[in-house]
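> To be precise about what I am sending: the file is called query-v4.txt and holds compact mmCIF, C-alpha atoms and all ligand atoms.
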# COMPACT_ATOMS: atom_id res chain seq x y z
CA MET A 1 89.06 84.07 -84.73
CA ARG A 2 91.12 86.76 -86.37
CA PHE A 3 91.10 87.37 -90.13
CA ASP A 4 93.65 89.64 -91.83
CA ILE A 5 92.98 90.35 -95.49
CA LEU A 6 95.72 91.45 -97.88
CA THR A 7 94.01 93.24 -100.77
CA ILE A 8 94.27 96.22 -103.14
CA PHE A 9 90.56 96.94 -102.58
CA PRO A 10 90.11 97.07 -98.78
CA ASP A 11 87.00 99.26 -98.90
CA ILE A 12 84.82 96.65 -100.60
CA PHE A 13 84.89 94.54 -97.46
CA ASP A 14 83.36 97.21 -95.24
CA VAL A 15 79.69 96.74 -96.18
CA VAL A 16 79.57 92.98 -96.62
CA LEU A 17 81.61 92.16 -93.49
CA GLY A 18 80.19 95.06 -91.51
CA SER A 19 76.55 94.05 -91.81
CA SER A 20 74.15 91.49 -90.41
CA ILE A 21 75.44 88.36 -88.68
CA ILE A 22 79.11 88.93 -89.47
CA GLY A 23 78.90 92.58 -88.45
CA ARG A 24 77.30 91.63 -85.13
CA ALA A 25 79.90 88.92 -84.52
CA ARG A 26 82.61 91.54 -84.96
CA GLU A 27 80.83 93.89 -82.54
CA LYS A 28 80.59 91.02 -80.03
CA GLY A 29 84.29 90.33 -80.43
CA LEU A 30 83.73 86.78 -81.67
CA ILE A 31 85.69 87.57 -84.81
CA THR A 32 88.13 90.27 -85.83
CA VAL A 33 88.55 91.32 -89.46
CA ASN A 34 91.42 93.61 -90.50
CA THR A 35 92.09 94.72 -94.06
CA TRP A 36 95.57 95.67 -95.25
CA ASN A 37 95.96 97.66 -98.44
CA ILE A 38 98.85 96.10 -100.35
CA ARG A 39 99.29 99.42 -102.15
CA ASP A 40 100.39 100.99 -98.85
CA TYR A 41 103.49 98.77 -98.98
CA THR A 42 104.68 99.71 -102.46
CA LYS A 43 107.97 101.53 -102.78
CA ASP A 44 107.65 103.52 -105.96
CA LYS A 45 105.98 106.87 -106.43
CA HIS A 46 103.29 105.34 -108.65
CA LYS A 47 102.47 102.77 -105.95
CA LYS A 48 102.72 99.92 -108.42
CA THR A 49 101.39 96.58 -107.15
CA ASP A 50 101.65 94.73 -110.46
CA ASP A 51 103.89 94.43 -113.48
CA TYR A 52 104.20 92.63 -116.81
CA PRO A 53 104.96 88.90 -116.68
CA TYR A 54 108.48 87.63 -117.48
CA GLY A 55 108.30 85.55 -120.63
CA GLY A 56 105.63 87.79 -122.13
CA GLY A 57 101.94 87.06 -122.40
CA SER A 58 98.85 89.12 -121.71
CA GLY A 59 97.84 90.54 -118.37
CA LEU A 60 99.70 91.65 -115.29
CA VAL A 61 101.13 89.85 -112.29
CA MET A 62 101.01 91.10 -108.69
CA MET A 63 104.50 91.86 -107.44
CA ALA A 64 105.97 89.96 -104.52
CA GLN A 65 107.53 92.81 -102.53
CA PRO A 66 104.38 94.81 -101.60
CA ILE A 67 102.56 91.61 -100.58
CA TYR A 68 105.49 90.37 -98.54
CA ASP A 69 105.89 93.71 -96.76
CA ALA A 70 102.15 93.85 -96.01
CA TYR A 71 102.45 90.36 -94.53
CA GLU A 72 105.41 91.50 -92.43
CA ALA A 73 103.26 94.34 -91.07
CA VAL A 74 100.54 91.88 -90.05
CA VAL A 75 102.88 89.53 -88.19
CA ARG A 76 105.29 92.14 -86.78
CA ASP A 77 104.00 91.87 -83.22
CA LEU A 78 103.02 88.20 -83.28
CA ASP A 79 104.93 85.35 -81.67
CA TYR A 80 103.24 82.76 -83.89
CA LYS A 81 102.67 82.32 -87.64
CA PRO A 82 99.03 82.72 -88.73
CA HIS A 83 97.62 80.31 -91.30
CA PHE A 84 98.16 81.95 -94.69
CA ILE A 85 95.54 81.21 -97.36
CA TYR A 86 95.76 82.34 -101.00
CA MET A 87 92.34 82.48 -102.69
CA SER A 88 92.93 80.87 -106.09
CA PRO A 89 91.15 78.78 -108.75
CA GLN A 90 94.03 76.31 -108.31
CA GLY A 91 93.19 75.76 -104.66
CA LYS A 92 91.31 72.97 -102.98
CA LEU A 93 87.56 73.47 -103.24
CA LEU A 94 85.99 75.08 -100.20
CA ASP A 95 83.30 72.82 -98.76
CA GLN A 96 81.58 72.59 -95.37
CA LYS A 97 84.16 70.11 -94.05
CA LEU A 98 87.03 72.46 -94.88
CA VAL A 99 85.02 75.39 -93.47
CA GLU A 100 84.70 73.59 -90.13
CA GLN A 101 88.41 72.74 -90.11
CA LEU A 102 89.29 76.38 -90.73
CA ALA A 103 86.90 77.49 -87.98
CA GLU A 104 89.13 75.66 -85.48
CA ARG A 105 92.02 78.02 -86.20
CA ARG A 106 92.75 81.18 -84.21
CA HIS A 107 94.19 83.42 -86.95
CA ILE A 108 93.94 83.33 -90.74
CA ILE A 109 95.58 85.64 -93.28
CA LEU A 110 93.82 85.80 -96.65
CA LEU A 111 95.63 86.99 -99.78
CA CYS A 112 93.37 88.31 -102.54
CA GLY A 113 94.94 88.13 -105.98
CA HIS A 114 94.11 90.19 -109.05
CA TYR A 115 94.90 90.18 -112.75
CA GLU A 116 96.74 87.01 -113.79
CA GLY A 117 97.61 86.23 -110.22
CA VAL A 118 100.57 86.65 -107.90
CA ASP A 119 104.36 86.28 -108.33
CA GLU A 120 105.11 82.62 -107.54
CA ARG A 121 107.93 83.50 -105.17
CA VAL A 122 105.66 85.15 -102.62
CA LEU A 123 103.37 82.13 -102.78
CA GLU A 124 106.28 79.79 -102.15
CA LYS A 125 107.43 81.88 -99.21
CA LEU A 126 104.12 82.63 -97.50
CA VAL A 127 101.23 80.45 -98.56
CA ASP A 128 100.20 77.51 -96.37
CA GLU A 129 97.05 76.64 -98.32
CA GLU A 130 95.40 77.61 -101.62
CA ILE A 131 91.60 77.55 -101.53
CA SER A 132 89.11 77.97 -104.38
CA ILE A 133 85.41 78.76 -104.10
CA GLY A 134 84.67 77.12 -107.45
CA ASP A 135 85.97 76.14 -110.86
CA TYR A 136 85.54 79.49 -112.56
CA VAL A 137 87.75 82.56 -112.88
CA LEU A 138 86.88 85.83 -111.14
CA THR A 139 88.40 89.28 -111.49
CA GLY A 140 89.79 89.20 -107.98
CA GLY A 141 90.13 87.21 -104.80
CA GLU A 142 88.02 89.60 -102.71
CA LEU A 143 84.66 87.89 -103.25
CA PRO A 144 86.19 84.46 -102.51
CA ALA A 145 87.70 85.92 -99.31
CA MET A 146 84.29 87.24 -98.24
CA VAL A 147 82.70 83.86 -98.98
CA LEU A 148 85.29 82.08 -96.88
CA ILE A 149 85.00 84.53 -93.98
CA ASP A 150 81.20 84.29 -94.07
CA ALA A 151 81.13 80.49 -94.10
CA VAL A 152 83.89 80.07 -91.49
CA SER A 153 82.44 82.70 -89.16
CA ARG A 154 79.04 80.96 -89.18
CA ALA A 155 80.73 77.83 -87.89
CA ILE A 156 82.19 79.67 -84.89
CA PRO A 157 80.15 79.09 -81.71
CA GLY A 158 78.09 82.10 -80.73
CA VAL A 159 78.04 83.73 -84.16
CA LEU A 160 74.64 82.27 -85.08
CA SER A 161 72.01 83.30 -82.55
CA ASN A 162 70.50 79.82 -82.51
CA GLU A 163 73.15 77.10 -82.34
CA ASP A 164 70.61 74.56 -83.52
CA SER A 165 70.14 76.34 -86.82
CA TYR A 166 73.77 75.60 -87.63
CA ALA A 167 73.42 71.97 -86.65
CA ASP A 168 70.54 71.34 -89.08
CA GLU A 169 71.53 73.21 -92.18
CA SER A 170 72.47 72.01 -95.65
CA HIS A 171 75.75 70.15 -96.02
CA LYS A 172 75.92 69.41 -92.35
CA ASN A 173 76.61 65.68 -92.06
CA GLY A 174 76.68 65.54 -95.86
CA LEU A 175 72.92 66.08 -96.26
CA LEU A 176 70.92 68.84 -97.90
CA GLU A 177 68.45 70.62 -95.65
CA TYR A 178 64.74 69.69 -95.58
CA PRO A 179 62.05 72.08 -96.96
CA GLN A 180 61.33 75.09 -94.75
CA TYR A 181 57.92 76.78 -94.31
CA THR A 182 56.61 79.76 -92.39
CA ARG A 183 53.29 81.66 -92.19
CA PRO A 184 50.81 81.82 -93.83
CA TYR A 185 49.57 78.22 -93.81
CA ASP A 186 47.99 78.64 -97.25
CA PHE A 187 49.98 80.61 -99.86
CA MET A 188 48.29 80.77 -103.28
CA GLY A 189 46.56 77.49 -102.54
CA MET A 190 49.80 75.78 -101.52
CA LYS A 191 49.53 74.50 -97.96
CA VAL A 192 52.17 73.66 -95.37
CA PRO A 193 52.61 69.88 -94.89
CA ASP A 194 50.30 69.02 -91.98
CA ILE A 195 52.97 66.97 -90.22
CA LEU A 196 54.71 70.27 -89.39
CA LEU A 197 51.64 71.49 -87.54
CA SER A 198 51.12 68.23 -85.64
CA GLY A 199 53.30 69.16 -82.69
CA HIS A 200 54.63 65.60 -82.75
CA HIS A 201 58.35 66.34 -82.65
CA ALA A 202 59.56 62.79 -83.24
CA ASN A 203 57.40 62.48 -86.36
CA ILE A 204 58.48 65.94 -87.54
CA GLU A 205 62.14 64.99 -87.16
CA LYS A 206 61.47 61.76 -89.05
CA TRP A 207 59.72 63.66 -91.86
CA ARG A 208 62.59 66.13 -92.05
CA ARG A 209 65.21 63.41 -92.16
CA LYS A 210 63.31 61.70 -94.97
CA GLN A 211 63.03 64.95 -96.93
CA SER A 212 66.76 65.60 -96.51
CA LEU A 213 67.57 62.11 -97.76
CA ILE A 214 65.26 62.44 -100.77
CA ARG A 215 66.59 65.90 -101.65
CA THR A 216 70.19 64.81 -101.36
CA ARG A 217 69.52 61.71 -103.47
CA ASP A 218 67.70 63.68 -106.17
CA LYS A 219 69.65 66.97 -106.21
CA ARG A 220 73.15 65.89 -105.25
CA PRO A 221 73.74 62.21 -106.09
CA ASP A 222 77.46 62.91 -105.68
CA LEU A 223 76.89 63.64 -101.99
CA PHE A 224 74.29 60.91 -101.60
CA GLU A 225 76.64 58.15 -102.71
CA LYS A 226 79.06 59.11 -99.90
CA LEU A 227 76.40 58.72 -97.19
CA GLU A 228 76.45 55.78 -94.82
CA LEU A 229 72.70 55.16 -94.63
CA SER A 230 71.32 53.72 -91.41
CA GLU A 231 68.68 51.02 -91.53
CA GLU A 232 66.17 53.69 -90.52
CA ASP A 233 67.30 55.86 -93.47
CA LYS A 234 66.84 52.95 -95.86
CA LYS A 235 63.35 52.35 -94.51
CA LEU A 236 62.43 56.01 -94.91
CA LEU A 237 63.61 56.02 -98.52
CA ALA A 238 61.88 52.73 -99.28
CA GLU A 239 58.53 54.23 -98.16
CA ASP A 240 58.45 56.15 -101.43
CA THR A 241 59.02 53.23 -103.77
C1 LIG B 301 89.25 82.46 -107.34
C2 LIG B 301 88.37 81.36 -107.29
C3 LIG B 301 89.55 83.29 -108.51
C4 LIG B 301 91.81 84.43 -110.43
C5 LIG B 301 92.62 85.58 -111.02
C6 LIG B 301 91.60 86.30 -108.96
C7 LIG B 301 90.89 85.10 -109.47
C8 LIG B 301 92.57 86.68 -110.04
N1 LIG B 301 89.78 82.64 -106.11
N2 LIG B 301 88.38 80.92 -106.01
N3 LIG B 301 87.63 80.81 -108.29
N4 LIG B 301 90.52 84.21 -108.37
O1 LIG B 301 88.92 83.13 -109.56
O2 LIG B 301 89.24 81.69 -105.33
O3 LIG B 301 93.86 86.79 -109.47
Once you've parsed the file, please lay out its structure as structure tokens.

Amino acid sequence: MRFDILTIFPDIFDVVLGSSIIGRAREKGLITVNTWNIRDYTKDKHKKTDDYPYGGGSGLVMMAQPIYDAYEAVVRDLDYKPHFIYMSPQGKLLDQKLVEQLAERRHIILLCGHYEGVDERVLEKLVDEEISIGDYVLTGGELPAMVLIDAVSRAIPGVLSNEDSYADESHKNGLLEYPQYTRPYDFMGMKVPDILLSGHHANIEKWRRKQSLIRTRDKRPDLFEKLELSEEDKKLLAEDT
């Protein structure tokens, strides 16, 4: 997977996408992340990337030309068109299903907006998909881009050291993850559920499934109502009532 990020703050990606799991995935060549400073594609001596909006109003709008020319630089040597995503509060909400769909792609360009947003004409010309990380307004699209890259990269085979850990986690198959425990057995008088020390893997899996169902029902009824419960699931939930 290749990510190209169009941004006016390329440096802020270095630490977050250069560390830990994502950093190691880049070193292993599982993902490539390139940042492109939109300011490098401005044509005036002040390197303007934004200007006042036509029609008046507060704030500034990012100009089309520097963005478009940065895009041209990315695709110059390509014989295909990468998938172009604009991070925006108006986009479709990023969820695990969309993450997994994006992880199937080979090359994604991410445009990070600032100020009031981006000139509509560059969106019309370039953008394949608008994606939001939540219904709130941020100062820039850089954090959303990092969130997307983190979530999508985790879904790429080989990025997580233990493939199973991806299979079990929250929001996989629409369920929240079960409670996790590690040593010590007794922490401030709170003990680990004994089932987890039983060594009986079938019973442990059953306990975990039940905990996931209960958590999803209680914490995220919106997700729970979409589940197609098996007869076994219904029995597990009925045990509590
Ligand atoms: C955002 C979001 C977001 C809006 C104005 C950047 C900012 C500025 N992006 N999910 N929520 N973007 O708030 O993706 O251009």
> Please identify the residues whose atoms come within 6 Å of ligand LIG 301 (chain B), using all atoms listed in the file, and report them as a list in words.
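These are the residues that qualify: Met87, Ser88, Pro89, Gly113, His114, Tyr115, Glu116, Gly117, Ser132, Ile133, Gly134, Asp135, Tyr136, Val137, Leu138, Thr139, Gly140, Gly141 and Pro144 of chain A.
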> Extract, using all atoms listed in the file, all DNA, RNA and protein residues at most 12 Å from Asp222 in chain A, discarding same-chain residues fewer than 4 positions from it, and format them as a PyMOL selection string.
chain A and resi 174-176+215-218+226-227
> Between CA of Gly55 in chain A and CA of Leu110 in chain A, what distance in Å does the model show, to one decimal?
28.0 Å
> Neighbouring residues of Thr35 in chain A were defined as those with any atom within 7 Å, considering only C-alpha atoms; residues of the same chain fewer than 2 positions away were excluded. Please report them as a PDB file with C-alpha atoms, keeping the file's coordinate frame.

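around-v8.pdb written:
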ATOM      1  CA  ASP A   4      93.650  89.640 -91.830  1.00  0.00           C
ATOM      2  CA  ILE A   5      92.980  90.350 -95.490  1.00  0.00           C
ATOM      3  CA  LEU A   6      95.720  91.450 -97.880  1.00  0.00           C
ATOM      4  CA  PRO A  10      90.110  97.070 -98.780  1.00  0.00           C
ATOM      5  CA  VAL A  33      88.550  91.320 -89.460  1.00  0.00           C
ATOM      6  CA  ASN A  37      95.960  97.660 -98.440  1.00  0.00           C
TER       7      ASN A  37
END
> Contacts of Ala73 in chain A at 10 Å or less, counting all atoms listed in the file, minus same-chain residues fewer than 5 places along, as JSON, numbers by chain?
{"A": [36, 41, 67, 68, 78]}
> Considering only C-alpha atoms, return as a list in words whatever protein or nucleic-acid residues lie within 7 Å of range 17-25 of chain A, sequence-local ones (same chain, fewer than 4 positions apart) excluded.
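Contacts, with the query itself left out: Phe13, Gly29, Leu30, Ile31, Asp150 and Val159 of chain A.
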> What does the structure give for the distance between CA of Ala202 in chain A and CA of Glu231 in chain A, in Å to one decimal?
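The value is 17.0 Å.
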> Just give me the residues with any atom within 10 Å of (65.8, 60.4, -98.0), file coordinates, counting only C-alpha atoms, written as a PyMOL selection string.
chain A and resi 175-176+178+207-218+224+229+233-240
> Assuming the input is short of atoms at range 74-88 of chain A, produce N, CA, C and O atoms for that part as a PDB file, in the coordinates of the input.

ATOM      1  N   VAL A  74     101.569  92.625 -90.800  1.00  0.00           N
ATOM      2  CA  VAL A  74     100.540  91.880 -90.050  1.00  0.00           C
ATOM      3  C   VAL A  74     101.165  91.112 -88.888  1.00  0.00           C
ATOM      4  O   VAL A  74     100.679  91.122 -87.764  1.00  0.00           O
ATOM      5  N   VAL A  75     102.301  90.453 -89.178  1.00  0.00           N
ATOM      6  CA  VAL A  75     102.880  89.530 -88.190  1.00  0.00           C
ATOM      7  C   VAL A  75     103.917  90.172 -87.291  1.00  0.00           C
ATOM      8  O   VAL A  75     104.433  89.533 -86.364  1.00  0.00           O
ATOM      9  N   ARG A  76     104.181  91.450 -87.500  1.00  0.00           N
ATOM     10  CA  ARG A  76     105.290  92.140 -86.780  1.00  0.00           C
ATOM     11  C   ARG A  76     105.243  91.875 -85.276  1.00  0.00           C
ATOM     12  O   ARG A  76     106.261  91.590 -84.670  1.00  0.00           O
ATOM     13  N   ASP A  77     104.081  91.976 -84.687  1.00  0.00           N
ATOM     14  CA  ASP A  77     104.000  91.870 -83.220  1.00  0.00           C
ATOM     15  C   ASP A  77     103.507  90.500 -82.757  1.00  0.00           C
ATOM     16  O   ASP A  77     103.115  90.330 -81.598  1.00  0.00           O
ATOM     17  N   LEU A  78     103.529  89.518 -83.650  1.00  0.00           N
ATOM     18  CA  LEU A  78     103.020  88.200 -83.280  1.00  0.00           C
ATOM     19  C   LEU A  78     104.165  87.257 -82.932  1.00  0.00           C
ATOM     20  O   LEU A  78     105.244  87.348 -83.507  1.00  0.00           O
ATOM     21  N   ASP A  79     103.900  86.360 -81.992  1.00  0.00           N
ATOM     22  CA  ASP A  79     104.930  85.350 -81.670  1.00  0.00           C
ATOM     23  C   ASP A  79     104.530  83.994 -82.235  1.00  0.00           C
ATOM     24  O   ASP A  79     104.973  82.941 -81.775  1.00  0.00           O
ATOM     25  N   TYR A  80     103.651  84.023 -83.227  1.00  0.00           N
ATOM     26  CA  TYR A  80     103.240  82.760 -83.890  1.00  0.00           C
ATOM     27  C   TYR A  80     102.995  83.096 -85.362  1.00  0.00           C
ATOM     28  O   TYR A  80     102.872  84.274 -85.737  1.00  0.00           O
ATOM     29  N   LYS A  81     102.929  82.087 -86.210  1.00  0.00           N
ATOM     30  CA  LYS A  81     102.670  82.320 -87.640  1.00  0.00           C
ATOM     31  C   LYS A  81     101.217  81.998 -87.951  1.00  0.00           C
ATOM     32  O   LYS A  81     100.795  80.852 -87.821  1.00  0.00           O
ATOM     33  N   PRO A  82     100.435  83.010 -88.357  1.00  0.00           N
ATOM     34  CA  PRO A  82      99.030  82.720 -88.730  1.00  0.00           C
ATOM     35  C   PRO A  82      98.973  81.806 -89.944  1.00  0.00           C
ATOM     36  O   PRO A  82      99.937  81.689 -90.691  1.00  0.00           O
ATOM     37  N   HIS A  83      97.831  81.170 -90.129  1.00  0.00           N
ATOM     38  CA  HIS A  83      97.620  80.310 -91.300  1.00  0.00           C
ATOM     39  C   HIS A  83      97.361  81.195 -92.510  1.00  0.00           C
ATOM     40  O   HIS A  83      96.439  81.994 -92.508  1.00  0.00           O
ATOM     41  N   PHE A  84      98.211  81.048 -93.543  1.00  0.00           N
ATOM     42  CA  PHE A  84      98.160  81.950 -94.690  1.00  0.00           C
ATOM     43  C   PHE A  84      97.470  81.243 -95.870  1.00  0.00           C
ATOM     44  O   PHE A  84      97.960  80.224 -96.364  1.00  0.00           O
ATOM     45  N   ILE A  85      96.337  81.795 -96.275  1.00  0.00           N
ATOM     46  CA  ILE A  85      95.540  81.210 -97.360  1.00  0.00           C
ATOM     47  C   ILE A  85      95.558  82.144 -98.570  1.00  0.00           C
ATOM     48  O   ILE A  85      95.305  83.334 -98.433  1.00  0.00           O
ATOM     49  N   TYR A  86      95.834  81.585 -99.747  1.00  0.00           N
ATOM     50  CA  TYR A  86      95.760  82.340-101.000  1.00  0.00           C
ATOM     51  C   TYR A  86      94.487  81.883-101.721  1.00  0.00           C
ATOM     52  O   TYR A  86      94.347  80.677-102.013  1.00  0.00           O
ATOM     53  N   MET A  87      93.569  82.803-101.974  1.00  0.00           N
ATOM     54  CA  MET A  87      92.340  82.480-102.690  1.00  0.00           C
ATOM     55  C   MET A  87      92.675  82.331-104.167  1.00  0.00           C
ATOM     56  O   MET A  87      93.104  83.290-104.815  1.00  0.00           O
ATOM     57  N   SER A  88      92.475  81.137-104.725  1.00  0.00           N
ATOM     58  CA  SER A  88      92.930  80.870-106.090  1.00  0.00           C
ATOM     59  C   SER A  88      92.123  79.752-106.733  1.00  0.00           C
ATOM     60  O   SER A  88      91.763  78.792-106.055  1.00  0.00           O
TER      61      SER A  88
END
